[in-house]
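Note sheet for the following structure.
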Amino acid sequence: MITLTRDRRPIVLVVDDLEVNRELLEANLEDLGYDVRQARDGLEALEAVEAEEPDLIYLDIQMPRLDGLSVCRQLKSHPTRRLIPVVMLTALGDRATRLDGLAAGADDFLTKPFDAQELLVRSKVLLRERELNKRLDATESVLLAFARAVEARDRYTIHHAERVGVYAREIARLHGLGAEEVSVVYRGGVLHDLGKIAIPDAILNKPGPLTDEEFGIMRTHSAAGERICLPLRTTAQFLPILRHHHERVDGAGYPDHLVGADIPIAARIVAVADAWDAMVSDRPYRAGLGREEALRRLRGGAGTQWEAGLVDAFIGLAESPLFGELVTEAAPVSAAD
Ligand SMILES: [Fe+2]
Ligand SMILES: [Fe+2]
């Protein structure tokens with residue numbers, strides 16, 4: 001059982017261009033036992049976050065150089081910094097600014113002049129959430145480590161998981177999914193074959209085609225992945241990808257023979273990314289298909305194996321000059337690592 005110990009005081013960053021406001025907030029927050037840092041404008045705030053990630057930020061809106069809304073937007077579009085709670089400091093009754101703050105991703109608001117009791121409650125609640133978020137993140141990191149372990153065992157699919165994640169993310173974007181869903185598709189894409197951890201080496205690395213029986217065992221990996229993640233509350237969002245990434249839109253896939261739109265969209269997307277990468281990669285018993293042949297097969301399976309619109313989106317991607325960059329992004333180190 002891992003116990004998380006708090007070995008440092010939570011860091012609270014106070015951002016305001018008026019010194020008197022910063023000092024007042026700092027004095028109150030220090031009384032609550034926090035390690036308080038100050039920044040005088042948006043740029044200093046981003047520098048402070050870069051230097052050491054705070055656990056909570058109190059952020060003024062109107063400041064020279066870079067305003068609070070821009071700072072908030074930048075933080076909230078960052079993959080990990082978006083988890084830092086941001087409280088915007090607003091003037092009483094300023095509804096328009098609050099709405100702007102919400103749109104920028106602010107977690108909460110504190111009205112100036114602030115009430116010390118309110119500051120205490122806001123800080124406590126948000127820091128507790130922050131702690132929880134960090135733990136959720138830790139769970140996901142463990143799963144990613146598992147996914148990498150699967151790849152390490154399956155020596156013919158180096159970086160397969162990462163590439164599937166990256167391709168799926170781009171298809172999801174082209175399909176018009178929102179930022180949050182795109183992120184789920186990416187992370188779920190990386191985790192999609194997690195269940196292969198339950199497949200014996202003799203089958204996973206067999207240097208020849210699988211028998212029907214072996215195929216049957218191999219096919220259990222999608223349900224196995226779901227089973228592994230089921231008790232982990234934080235990974236609920238990936239379960240449809242783990243379970244359904246081998247479904248086909250004509251219903252001939254597995255494990256549930258779902259048809260068309262009954263297959264969760266994230267799984268339909270990952271299915272295209274996965275199939276492409278499997279086709280062009282070398283396997284123990286065959287070399288990878290050439291690019292043109294893989295594209296031909298993808299087109300051939302549009303509407304039966306995969307959703308036609310998603311195949312189109314992927315082909316557009318594969319034919320764009322940026323595609324090479326995606327492949328490099330997914331495998332930044334040489335295959336010999
Ligand atoms: Fe799979
Ligand atoms: Fe796969």
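Order determines the names: the first chain of the structure tokens is A, the second B, and so forth; residues in each chain are numbered 1 upward, and ligands are numbered 1 upward as they are shown.
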
Would you list the residues that come within 8 Å of ligand 2? Count only C-alpha atoms and all ligand atoms and give the answer as an NGL selection string. :A and (160-161 or 164 or 192-193 or 274-275 or 277-278)

Can you pull out every residue from stretch 71-274 of chain A that DSSP, working from the backbone, puts in strand (DSSP E), and format the result as an MDAnalysis selection string? chainID A and resid 86:91 108:112

Once you have the residues from the selection above, write them out as a JSON list (two decimals), in the first residue's frame, restricted to all heavy atoms.
```
[["chain", "number", "residue", "atom", "x", "y", "z"],
["A", 86, "VAL", "N", -7.18, 27.64, -10.38],
["A", 86, "VAL", "CA", -6.98, 29.08, -10.56],
["A", 86, "VAL", "C", -8.19, 29.82, -10.00],
["A", 86, "VAL", "O", -9.33, 29.56, -10.39],
["A", 86, "VAL", "CB", -6.80, 29.44, -12.04],
["A", 86, "VAL", "CG1", -6.74, 30.95, -12.24],
["A", 86, "VAL", "CG2", -5.54, 28.79, -12.62],
["A", 87, "VAL", "N", -7.95, 30.73, -9.06],
["A", 87, "VAL", "CA", -9.02, 31.58, -8.53],
["A", 87, "VAL", "C", -8.80, 32.99, -9.06],
["A", 87, "VAL", "O", -7.74, 33.58, -8.87],
["A", 87, "VAL", "CB", -8.98, 31.63, -6.98],
["A", 87, "VAL", "CG1", -10.12, 32.49, -6.45],
["A", 87, "VAL", "CG2", -9.06, 30.22, -6.40],
["A", 88, "MET", "N", -9.81, 33.51, -9.76],
["A", 88, "MET", "CA", -9.66, 34.86, -10.32],
["A", 88, "MET", "C", -10.14, 35.88, -9.30],
["A", 88, "MET", "O", -11.16, 35.68, -8.63],
["A", 88, "MET", "CB", -10.49, 34.98, -11.58],
["A", 88, "MET", "CG", -10.07, 34.00, -12.65],
["A", 88, "MET", "SD", -9.81, 34.83, -14.22],
["A", 88, "MET", "CE", -8.10, 34.66, -14.43],
["A", 89, "LEU", "N", -9.40, 36.96, -9.21],
["A", 89, "LEU", "CA", -9.77, 38.04, -8.29],
["A", 89, "LEU", "C", -10.62, 39.04, -9.08],
["A", 89, "LEU", "O", -10.15, 39.61, -10.07],
["A", 89, "LEU", "CB", -8.50, 38.72, -7.77],
["A", 89, "LEU", "CG", -7.52, 37.76, -7.06],
["A", 89, "LEU", "CD1", -6.16, 38.42, -6.88],
["A", 89, "LEU", "CD2", -8.09, 37.33, -5.71],
["A", 90, "THR", "N", -11.86, 39.20, -8.68],
["A", 90, "THR", "CA", -12.75, 40.08, -9.44],
["A", 90, "THR", "C", -13.35, 41.15, -8.53],
["A", 90, "THR", "O", -13.35, 41.02, -7.31],
["A", 90, "THR", "CB", -13.94, 39.28, -10.04],
["A", 90, "THR", "OG1", -14.62, 38.63, -8.97],
["A", 90, "THR", "CG2", -13.47, 38.26, -11.03],
["A", 91, "ALA", "N", -13.85, 42.18, -9.19],
["A", 91, "ALA", "CA", -14.53, 43.23, -8.43],
["A", 91, "ALA", "C", -15.97, 42.79, -8.17],
["A", 91, "ALA", "O", -16.52, 41.98, -8.93],
["A", 91, "ALA", "CB", -14.51, 44.53, -9.21],
["A", 108, "ASP", "N", -12.52, 29.15, -9.81],
["A", 108, "ASP", "CA", -13.29, 29.83, -8.78],
["A", 108, "ASP", "C", -13.00, 31.33, -8.85],
["A", 108, "ASP", "O", -12.11, 31.76, -9.59],
["A", 108, "ASP", "CB", -12.89, 29.27, -7.40],
["A", 108, "ASP", "CG", -14.03, 29.41, -6.40],
["A", 108, "ASP", "OD1", -14.99, 30.15, -6.68],
["A", 108, "ASP", "OD2", -13.95, 28.78, -5.33],
["A", 109, "PHE", "N", -13.78, 32.09, -8.07],
["A", 109, "PHE", "CA", -13.60, 33.55, -8.04],
["A", 109, "PHE", "C", -13.55, 34.03, -6.61],
["A", 109, "PHE", "O", -14.17, 33.45, -5.72],
["A", 109, "PHE", "CB", -14.77, 34.23, -8.76],
["A", 109, "PHE", "CG", -14.87, 33.83, -10.19],
["A", 109, "PHE", "CD1", -15.65, 32.74, -10.57],
["A", 109, "PHE", "CD2", -14.16, 34.51, -11.17],
["A", 109, "PHE", "CE1", -15.72, 32.35, -11.89],
["A", 109, "PHE", "CE2", -14.22, 34.12, -12.49],
["A", 109, "PHE", "CZ", -15.01, 33.04, -12.86],
["A", 110, "LEU", "N", -12.79, 35.09, -6.42],
["A", 110, "LEU", "CA", -12.76, 35.72, -5.11],
["A", 110, "LEU", "C", -12.98, 37.20, -5.35],
["A", 110, "LEU", "O", -12.31, 37.81, -6.18],
["A", 110, "LEU", "CB", -11.41, 35.47, -4.43],
["A", 110, "LEU", "CG", -11.30, 35.94, -2.98],
["A", 110, "LEU", "CD1", -12.13, 35.06, -2.05],
["A", 110, "LEU", "CD2", -9.84, 35.91, -2.52],
["A", 111, "THR", "N", -13.97, 37.75, -4.62],
["A", 111, "THR", "CA", -14.31, 39.15, -4.83],
["A", 111, "THR", "C", -13.41, 40.05, -3.99],
["A", 111, "THR", "O", -13.17, 39.77, -2.81],
["A", 111, "THR", "CB", -15.78, 39.38, -4.41],
["A", 111, "THR", "OG1", -16.56, 38.38, -5.05],
["A", 111, "THR", "CG2", -16.26, 40.74, -4.84],
["A", 112, "LYS", "N", -12.90, 41.09, -4.64],
["A", 112, "LYS", "CA", -12.10, 42.08, -3.91],
["A", 112, "LYS", "C", -13.03, 43.18, -3.40],
["A", 112, "LYS", "O", -13.93, 43.58, -4.14],
["A", 112, "LYS", "CB", -11.05, 42.71, -4.84],
["A", 112, "LYS", "CG", -9.98, 41.72, -5.27],
["A", 112, "LYS", "CD", -8.75, 42.45, -5.83],
["A", 112, "LYS", "CE", -8.94, 42.84, -7.29],
["A", 112, "LYS", "NZ", -7.68, 43.26, -7.94]]
```

Select from chain A every residue with an atom at most 12 Å from any atom of ligand 1, then for each give the shortest pair of atoms and their distance in Å to one decimal, using only C-alpha atoms and all ligand atoms, rows by chain and rising number, as a tab-separated table.
```
residue	atom	partner	partner_atom_place_in_ligand_line	distance
A:Ala147	CA	ligand 1	1 (Fe)	11.7
A:Val150	CA	ligand 1	1 (Fe)	11.5
A:Glu151	CA	ligand 1	1 (Fe)	11.9
A:Thr157	CA	ligand 1	1 (Fe)	11.5
A:His160	CA	ligand 1	1 (Fe)	10.4
A:Ala161	CA	ligand 1	1 (Fe)	9.6
A:Val164	CA	ligand 1	1 (Fe)	10.4
A:Gly188	CA	ligand 1	1 (Fe)	11.7
A:Gly189	CA	ligand 1	1 (Fe)	10.0
A:Val190	CA	ligand 1	1 (Fe)	10.8
A:Leu191	CA	ligand 1	1 (Fe)	9.6
A:His192	CA	ligand 1	1 (Fe)	6.2
A:Asp193	CA	ligand 1	1 (Fe)	4.7
A:Leu194	CA	ligand 1	1 (Fe)	8.2
A:Gly195	CA	ligand 1	1 (Fe)	8.0
A:Lys196	CA	ligand 1	1 (Fe)	7.7
A:Ile197	CA	ligand 1	1 (Fe)	11.3
A:Ile199	CA	ligand 1	1 (Fe)	11.4
A:Leu204	CA	ligand 1	1 (Fe)	11.6
A:Phe215	CA	ligand 1	1 (Fe)	11.9
A:Met218	CA	ligand 1	1 (Fe)	8.7
A:Arg219	CA	ligand 1	1 (Fe)	7.9
A:Thr220	CA	ligand 1	1 (Fe)	9.3
A:His221	CA	ligand 1	1 (Fe)	6.7
A:Ser222	CA	ligand 1	1 (Fe)	6.1
A:Ala223	CA	ligand 1	1 (Fe)	9.9
A:Ala224	CA	ligand 1	1 (Fe)	10.5
A:Gly225	CA	ligand 1	1 (Fe)	9.3
A:Glu226	CA	ligand 1	1 (Fe)	11.6
A:Ile241	CA	ligand 1	1 (Fe)	9.5
A:Leu242	CA	ligand 1	1 (Fe)	7.9
A:Arg243	CA	ligand 1	1 (Fe)	8.9
A:His244	CA	ligand 1	1 (Fe)	8.9
A:His245	CA	ligand 1	1 (Fe)	6.4
A:His246	CA	ligand 1	1 (Fe)	6.4
A:Glu247	CA	ligand 1	1 (Fe)	10.1
A:Gly253	CA	ligand 1	1 (Fe)	11.5
A:Tyr254	CA	ligand 1	1 (Fe)	10.3
A:Pro255	CA	ligand 1	1 (Fe)	11.1
A:Ala267	CA	ligand 1	1 (Fe)	10.7
A:Val270	CA	ligand 1	1 (Fe)	9.5
A:Ala271	CA	ligand 1	1 (Fe)	8.4
A:Val272	CA	ligand 1	1 (Fe)	11.4
A:Ala273	CA	ligand 1	1 (Fe)	10.9
A:Asp274	CA	ligand 1	1 (Fe)	7.4
A:Ala275	CA	ligand 1	1 (Fe)	9.1
A:Asp277	CA	ligand 1	1 (Fe)	11.2
A:Ala278	CA	ligand 1	1 (Fe)	9.6
```

Only N, CA and C atoms, please: the residues just picked out, written as a compact mmCIF listing (two decimals), in the first residue's frame.
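The resulting file, selection_28.txt, is shown below:
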```txt
# COMPACT_ATOMS: atom_id res chain seq x y z
N ALA A 147 1.39 0.04 -20.02
CA ALA A 147 1.27 0.00 -21.49
C ALA A 147 2.66 -0.10 -22.11
N VAL A 150 3.94 -3.56 -21.78
CA VAL A 150 3.36 -4.45 -22.79
C VAL A 150 4.19 -4.34 -24.07
N GLU A 151 4.51 -3.13 -24.46
CA GLU A 151 5.30 -2.92 -25.67
C GLU A 151 6.67 -3.56 -25.55
N THR A 157 6.37 -4.55 -31.68
CA THR A 157 5.47 -3.39 -31.77
C THR A 157 6.00 -2.20 -30.99
N HIS A 160 4.19 1.18 -30.93
CA HIS A 160 2.85 1.02 -31.52
C HIS A 160 1.83 1.82 -30.72
N ALA A 161 1.86 1.65 -29.39
CA ALA A 161 0.86 2.30 -28.53
C ALA A 161 0.91 3.81 -28.69
N VAL A 164 -0.44 4.90 -32.10
CA VAL A 164 -1.89 4.80 -32.16
C VAL A 164 -2.52 5.99 -31.41
N GLY A 188 -6.37 7.13 -24.15
CA GLY A 188 -6.97 5.80 -24.33
C GLY A 188 -6.30 5.06 -25.49
N GLY A 189 -5.91 5.83 -26.51
CA GLY A 189 -5.22 5.23 -27.65
C GLY A 189 -3.89 4.62 -27.22
N VAL A 190 -3.19 5.33 -26.37
CA VAL A 190 -1.90 4.80 -25.89
C VAL A 190 -2.13 3.53 -25.06
N LEU A 191 -3.25 3.52 -24.34
CA LEU A 191 -3.52 2.37 -23.44
C LEU A 191 -4.25 1.22 -24.13
N HIS A 192 -4.62 1.37 -25.40
CA HIS A 192 -5.62 0.46 -25.99
C HIS A 192 -5.28 -1.03 -25.86
N ASP A 193 -4.01 -1.38 -25.95
CA ASP A 193 -3.65 -2.80 -25.91
C ASP A 193 -3.14 -3.26 -24.54
N LEU A 194 -3.48 -2.49 -23.51
CA LEU A 194 -3.04 -2.81 -22.16
C LEU A 194 -3.33 -4.27 -21.79
N GLY A 195 -4.46 -4.77 -22.27
CA GLY A 195 -4.88 -6.13 -21.93
C GLY A 195 -3.93 -7.20 -22.46
N LYS A 196 -3.02 -6.82 -23.36
CA LYS A 196 -2.07 -7.82 -23.87
C LYS A 196 -1.12 -8.30 -22.78
N ILE A 197 -1.14 -7.59 -21.66
CA ILE A 197 -0.32 -8.01 -20.53
C ILE A 197 -0.78 -9.40 -20.06
N ILE A 199 -1.73 -11.79 -22.12
CA ILE A 199 -1.51 -12.78 -23.18
C ILE A 199 -0.12 -13.41 -23.03
N LEU A 204 2.07 -13.99 -27.96
CA LEU A 204 2.37 -12.60 -28.31
C LEU A 204 3.56 -12.49 -29.26
N PHE A 215 -5.57 -17.39 -31.78
CA PHE A 215 -6.28 -16.15 -32.10
C PHE A 215 -7.36 -15.86 -31.06
N MET A 218 -5.70 -14.46 -28.13
CA MET A 218 -5.26 -13.10 -28.44
C MET A 218 -6.44 -12.13 -28.36
N ARG A 219 -7.60 -12.59 -28.83
CA ARG A 219 -8.78 -11.72 -28.85
C ARG A 219 -9.28 -11.35 -27.46
N THR A 220 -8.85 -12.10 -26.46
CA THR A 220 -9.33 -11.78 -25.12
C THR A 220 -8.67 -10.51 -24.58
N HIS A 221 -7.67 -9.97 -25.31
CA HIS A 221 -6.92 -8.84 -24.74
C HIS A 221 -7.79 -7.59 -24.56
N SER A 222 -8.80 -7.43 -25.41
CA SER A 222 -9.58 -6.19 -25.26
C SER A 222 -10.44 -6.23 -23.99
N ALA A 223 -11.10 -7.38 -23.75
CA ALA A 223 -11.88 -7.48 -22.51
C ALA A 223 -10.96 -7.52 -21.29
N ALA A 224 -9.76 -8.11 -21.47
CA ALA A 224 -8.81 -8.17 -20.34
C ALA A 224 -8.38 -6.76 -19.94
N GLY A 225 -8.14 -5.91 -20.93
CA GLY A 225 -7.74 -4.54 -20.65
C GLY A 225 -8.82 -3.82 -19.85
N GLU A 226 -10.05 -4.04 -20.27
CA GLU A 226 -11.16 -3.40 -19.54
C GLU A 226 -11.21 -3.91 -18.11
N ILE A 241 -12.64 2.36 -25.05
CA ILE A 241 -11.56 2.15 -26.03
C ILE A 241 -10.91 0.79 -25.80
N LEU A 242 -10.65 0.49 -24.53
CA LEU A 242 -9.99 -0.78 -24.22
C LEU A 242 -10.85 -1.95 -24.70
N ARG A 243 -12.14 -1.86 -24.43
CA ARG A 243 -13.00 -2.99 -24.76
C ARG A 243 -13.36 -3.09 -26.24
N HIS A 244 -13.59 -1.94 -26.86
CA HIS A 244 -14.21 -1.98 -28.20
C HIS A 244 -13.31 -1.63 -29.37
N HIS A 245 -11.98 -1.55 -29.17
CA HIS A 245 -11.16 -1.10 -30.30
C HIS A 245 -11.03 -2.12 -31.43
N HIS A 246 -11.57 -3.33 -31.22
CA HIS A 246 -11.58 -4.31 -32.32
C HIS A 246 -12.99 -4.61 -32.85
N GLU A 247 -13.93 -3.74 -32.50
CA GLU A 247 -15.26 -3.88 -33.11
C GLU A 247 -15.17 -3.40 -34.56
N GLY A 253 -16.89 -7.54 -35.65
CA GLY A 253 -15.73 -7.43 -34.77
C GLY A 253 -15.95 -8.11 -33.43
N TYR A 254 -15.07 -7.81 -32.48
CA TYR A 254 -15.20 -8.41 -31.15
C TYR A 254 -14.87 -7.37 -30.09
N PRO A 255 -15.27 -7.57 -28.84
CA PRO A 255 -15.91 -8.79 -28.31
C PRO A 255 -17.44 -8.77 -28.38
N ALA A 267 -13.65 4.49 -29.62
CA ALA A 267 -13.17 3.18 -30.06
C ALA A 267 -13.16 3.10 -31.58
N VAL A 270 -9.98 4.93 -32.59
CA VAL A 270 -8.75 4.18 -32.29
C VAL A 270 -8.63 2.98 -33.23
N ALA A 271 -9.76 2.39 -33.63
CA ALA A 271 -9.72 1.23 -34.52
C ALA A 271 -9.01 1.57 -35.84
N VAL A 272 -9.27 2.76 -36.37
CA VAL A 272 -8.63 3.17 -37.63
C VAL A 272 -7.12 3.36 -37.41
N ALA A 273 -6.78 4.09 -36.34
CA ALA A 273 -5.37 4.37 -36.05
C ALA A 273 -4.61 3.06 -35.80
N ASP A 274 -5.23 2.14 -35.08
CA ASP A 274 -4.61 0.87 -34.72
C ASP A 274 -4.39 0.03 -35.98
N ALA A 275 -5.41 -0.04 -36.83
CA ALA A 275 -5.32 -0.86 -38.03
C ALA A 275 -4.21 -0.36 -38.94
N ASP A 277 -1.52 1.35 -38.15
CA ASP A 277 -0.19 1.09 -37.61
C ASP A 277 0.16 -0.39 -37.68
N ALA A 278 -0.85 -1.24 -37.47
CA ALA A 278 -0.60 -2.69 -37.55
C ALA A 278 -0.24 -3.08 -38.99
```

Test item: residues at most 7 Å from stretch 66-78 of chain A, only C-alpha atoms, excluding those fewer than 4 positions along its chain, as JSON, numbers by chain: {"A": [41, 42, 43, 59, 60, 61, 62, 82, 101, 104, 105, 106]}

Give the helix (DSSP H, G or I) residues of stretch 32-78 of chain A, as DSSP finds them on the backbone, and put them as a list of chain:residue names.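 Checking each residue of stretch 32-78 of chain A, the helix (DSSP H, G or I) ones are A:Gly42, A:Leu43, A:Glu44, A:Ala45, A:Leu46, A:Glu47, A:Ala48, A:Val49, A:Glu50, A:Ala51, A:Gly68, A:Leu69, A:Ser70, A:Val71, A:Cys72, A:Arg73, A:Gln74, A:Leu75, A:Lys76.
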
Go ahead and write the residues just picked, C-alpha atoms, as a tab-separated table (two decimals), in the first residue's frame.
```tsv
chain	number	residue	atom	x	y	z
A	42	GLY	CA	1.03	37.64	-16.17
A	43	LEU	CA	4.51	37.05	-17.54
A	44	GLU	CA	6.01	36.82	-14.07
A	45	ALA	CA	3.21	34.42	-13.16
A	46	LEU	CA	4.05	32.09	-16.05
A	47	GLU	CA	7.74	32.27	-15.12
A	48	ALA	CA	6.90	31.37	-11.54
A	49	VAL	CA	4.84	28.38	-12.71
A	50	GLU	CA	7.70	27.33	-14.96
A	51	ALA	CA	10.18	27.54	-12.08
A	68	GLY	CA	-5.02	37.26	-15.98
A	69	LEU	CA	-7.43	35.82	-18.53
A	70	SER	CA	-4.58	35.08	-20.95
A	71	VAL	CA	-2.57	33.48	-18.16
A	72	CYS	CA	-5.55	31.33	-17.20
A	73	ARG	CA	-6.18	30.26	-20.79
A	74	GLN	CA	-2.53	29.30	-21.25
A	75	LEU	CA	-2.45	27.26	-18.06
A	76	LYS	CA	-5.74	25.55	-18.79
```

Point-to-point distance in Å for atom CA of A:Ala149 and atom CA of A:Pro209: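 Atom CA of A:Ala149 lies 23.2 Å from atom CA of A:Pro209.
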
Between A:Gly288, A:Pro85, A:Pro240, A:Pro264, which residue has the minimum interatomic distance to A:Tyr58, considering only C-alpha atoms?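 Of the candidates, the smallest distance to A:Tyr58 is held by A:Pro85.
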
Where does stretch 23-80 of chain A meet stretch 8-14 of chain A within 8 Å, residue by residue, with the nearest atom pair and distance in Å to one decimal for each, counting only C-alpha atoms, listed by chain and rising number, as CSV?
```
residue,atom,partner,partner_atom,distance
A:Leu25,CA,A:Val14,CA,7.2
A:Glu26,CA,A:Val14,CA,7.2
A:Leu29,CA,A:Val12,CA,7.9
A:Gly33,CA,A:Arg9,CA,7.1
A:Tyr34,CA,A:Pro10,CA,5.5
A:Asp35,CA,A:Ile11,CA,4.7
A:Val36,CA,A:Val12,CA,4.9
A:Arg37,CA,A:Leu13,CA,4.7
A:Gln38,CA,A:Val14,CA,4.9
A:Ala39,CA,A:Val14,CA,6.2
A:Ala45,CA,A:Leu13,CA,7.8
A:Glu53,CA,A:Ile11,CA,8.0
A:Pro54,CA,A:Ile11,CA,4.8
A:Asp55,CA,A:Ile11,CA,5.3
A:Leu56,CA,A:Val12,CA,4.9
A:Ile57,CA,A:Leu13,CA,4.7
A:Tyr58,CA,A:Val14,CA,4.9
A:Leu59,CA,A:Val14,CA,6.4
```

File of the preceding selection, N, CA, C and O atoms, as a PDB file, in the first residue's frame:
```pdb
ATOM      1  N   LEU A  25      -2.934  39.483   0.595  1.00  0.00           N
ATOM      2  CA  LEU A  25      -3.214  38.065   0.349  1.00  0.00           C
ATOM      3  C   LEU A  25      -2.124  37.192   0.956  1.00  0.00           C
ATOM      4  O   LEU A  25      -2.404  36.187   1.605  1.00  0.00           O
ATOM      5  N   GLU A  26      -0.902  37.599   0.734  1.00  0.00           N
ATOM      6  CA  GLU A  26       0.212  36.806   1.262  1.00  0.00           C
ATOM      7  C   GLU A  26       0.130  36.669   2.779  1.00  0.00           C
ATOM      8  O   GLU A  26       0.282  35.576   3.319  1.00  0.00           O
ATOM      9  N   LEU A  29      -2.615  34.231   3.661  1.00  0.00           N
ATOM     10  CA  LEU A  29      -2.337  32.853   3.254  1.00  0.00           C
ATOM     11  C   LEU A  29      -1.196  32.261   4.079  1.00  0.00           C
ATOM     12  O   LEU A  29      -1.202  31.071   4.387  1.00  0.00           O
ATOM     13  N   GLY A  33      -0.656  28.783   6.759  1.00  0.00           N
ATOM     14  CA  GLY A  33       0.418  27.791   6.688  1.00  0.00           C
ATOM     15  C   GLY A  33       0.905  27.499   5.278  1.00  0.00           C
ATOM     16  O   GLY A  33       1.612  26.505   5.065  1.00  0.00           O
ATOM     17  N   TYR A  34       0.551  28.317   4.308  1.00  0.00           N
ATOM     18  CA  TYR A  34       0.980  28.037   2.946  1.00  0.00           C
ATOM     19  C   TYR A  34       2.289  28.735   2.628  1.00  0.00           C
ATOM     20  O   TYR A  34       2.643  29.742   3.228  1.00  0.00           O
ATOM     21  N   ASP A  35       2.978  28.160   1.634  1.00  0.00           N
ATOM     22  CA  ASP A  35       4.213  28.733   1.123  1.00  0.00           C
ATOM     23  C   ASP A  35       3.803  29.680  -0.009  1.00  0.00           C
ATOM     24  O   ASP A  35       3.407  29.243  -1.076  1.00  0.00           O
ATOM     25  N   VAL A  36       3.859  30.988   0.246  1.00  0.00           N
ATOM     26  CA  VAL A  36       3.294  31.948  -0.706  1.00  0.00           C
ATOM     27  C   VAL A  36       4.377  32.548  -1.599  1.00  0.00           C
ATOM     28  O   VAL A  36       5.431  32.952  -1.119  1.00  0.00           O
ATOM     29  N   ARG A  37       4.096  32.560  -2.908  1.00  0.00           N
ATOM     30  CA  ARG A  37       4.983  33.212  -3.873  1.00  0.00           C
ATOM     31  C   ARG A  37       4.214  34.367  -4.505  1.00  0.00           C
ATOM     32  O   ARG A  37       2.988  34.333  -4.554  1.00  0.00           O
ATOM     33  N   GLN A  38       4.942  35.344  -4.993  1.00  0.00           N
ATOM     34  CA  GLN A  38       4.267  36.488  -5.612  1.00  0.00           C
ATOM     35  C   GLN A  38       4.719  36.699  -7.052  1.00  0.00           C
ATOM     36  O   GLN A  38       5.856  36.408  -7.400  1.00  0.00           O
ATOM     37  N   ALA A  39       3.796  37.225  -7.863  1.00  0.00           N
ATOM     38  CA  ALA A  39       4.156  37.651  -9.214  1.00  0.00           C
ATOM     39  C   ALA A  39       3.413  38.951  -9.485  1.00  0.00           C
ATOM     40  O   ALA A  39       2.280  39.121  -9.044  1.00  0.00           O
ATOM     41  N   ALA A  45       3.978  35.573 -13.652  1.00  0.00           N
ATOM     42  CA  ALA A  45       3.209  34.422 -13.160  1.00  0.00           C
ATOM     43  C   ALA A  45       3.609  33.157 -13.923  1.00  0.00           C
ATOM     44  O   ALA A  45       3.863  32.110 -13.320  1.00  0.00           O
ATOM     45  N   GLU A  53       5.940  24.453 -10.003  1.00  0.00           N
ATOM     46  CA  GLU A  53       4.490  24.431 -10.148  1.00  0.00           C
ATOM     47  C   GLU A  53       3.793  24.703  -8.813  1.00  0.00           C
ATOM     48  O   GLU A  53       4.019  23.974  -7.851  1.00  0.00           O
ATOM     49  N   PRO A  54       2.969  25.758  -8.741  1.00  0.00           N
ATOM     50  CA  PRO A  54       2.241  25.992  -7.491  1.00  0.00           C
ATOM     51  C   PRO A  54       1.047  25.039  -7.386  1.00  0.00           C
ATOM     52  O   PRO A  54       0.679  24.375  -8.350  1.00  0.00           O
ATOM     53  N   ASP A  55       0.456  24.975  -6.203  1.00  0.00           N
ATOM     54  CA  ASP A  55      -0.709  24.110  -5.996  1.00  0.00           C
ATOM     55  C   ASP A  55      -2.010  24.885  -6.147  1.00  0.00           C
ATOM     56  O   ASP A  55      -3.089  24.295  -6.243  1.00  0.00           O
ATOM     57  N   LEU A  56      -1.886  26.208  -6.127  1.00  0.00           N
ATOM     58  CA  LEU A  56      -3.070  27.064  -6.211  1.00  0.00           C
ATOM     59  C   LEU A  56      -2.617  28.445  -6.667  1.00  0.00           C
ATOM     60  O   LEU A  56      -1.540  28.895  -6.279  1.00  0.00           O
ATOM     61  N   ILE A  57      -3.451  29.091  -7.502  1.00  0.00           N
ATOM     62  CA  ILE A  57      -3.076  30.430  -7.973  1.00  0.00           C
ATOM     63  C   ILE A  57      -4.226  31.405  -7.737  1.00  0.00           C
ATOM     64  O   ILE A  57      -5.374  31.116  -8.096  1.00  0.00           O
ATOM     65  N   TYR A  58      -3.926  32.522  -7.102  1.00  0.00           N
ATOM     66  CA  TYR A  58      -4.875  33.641  -7.029  1.00  0.00           C
ATOM     67  C   TYR A  58      -4.436  34.635  -8.088  1.00  0.00           C
ATOM     68  O   TYR A  58      -3.296  35.092  -8.085  1.00  0.00           O
ATOM     69  N   LEU A  59      -5.342  34.940  -9.008  1.00  0.00           N
ATOM     70  CA  LEU A  59      -4.943  35.654 -10.214  1.00  0.00           C
ATOM     71  C   LEU A  59      -5.799  36.889 -10.455  1.00  0.00           C
ATOM     72  O   LEU A  59      -7.020  36.794 -10.640  1.00  0.00           O
TER      73      LEU A  59
END
```

One-decimal distance in Å that lies between atom CA of A:Phe323 and atom CA of A:Arg163: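 Between atom CA of A:Arg163 and atom CA of A:Phe323 the gap works out to 11.4 Å.
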
Given only C-alpha atoms as the counted atoms, nearest of A:Arg297, A:Arg65, A:Lys124, A:Lys206 to A:Pro284: A:Lys206

Residues within 12 Å of A:Glu319, please, as a list in words. Count only C-alpha atoms; anything in the same chain fewer than 5 positions from it doesn't count.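 Those residues are Arg291, Glu292, Leu295, Asp312, Ala313, Phe314 and Gly324 of chain A.
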
For stretch 260-263 of chain A: contacts at 8 Å, only C-alpha atoms, fewer than 5 positions along chain excluded, given as a list in words: His244, Glu247, Arg248, Val249, Asp250, Gly251, Arg268 and Glu307 of chain A
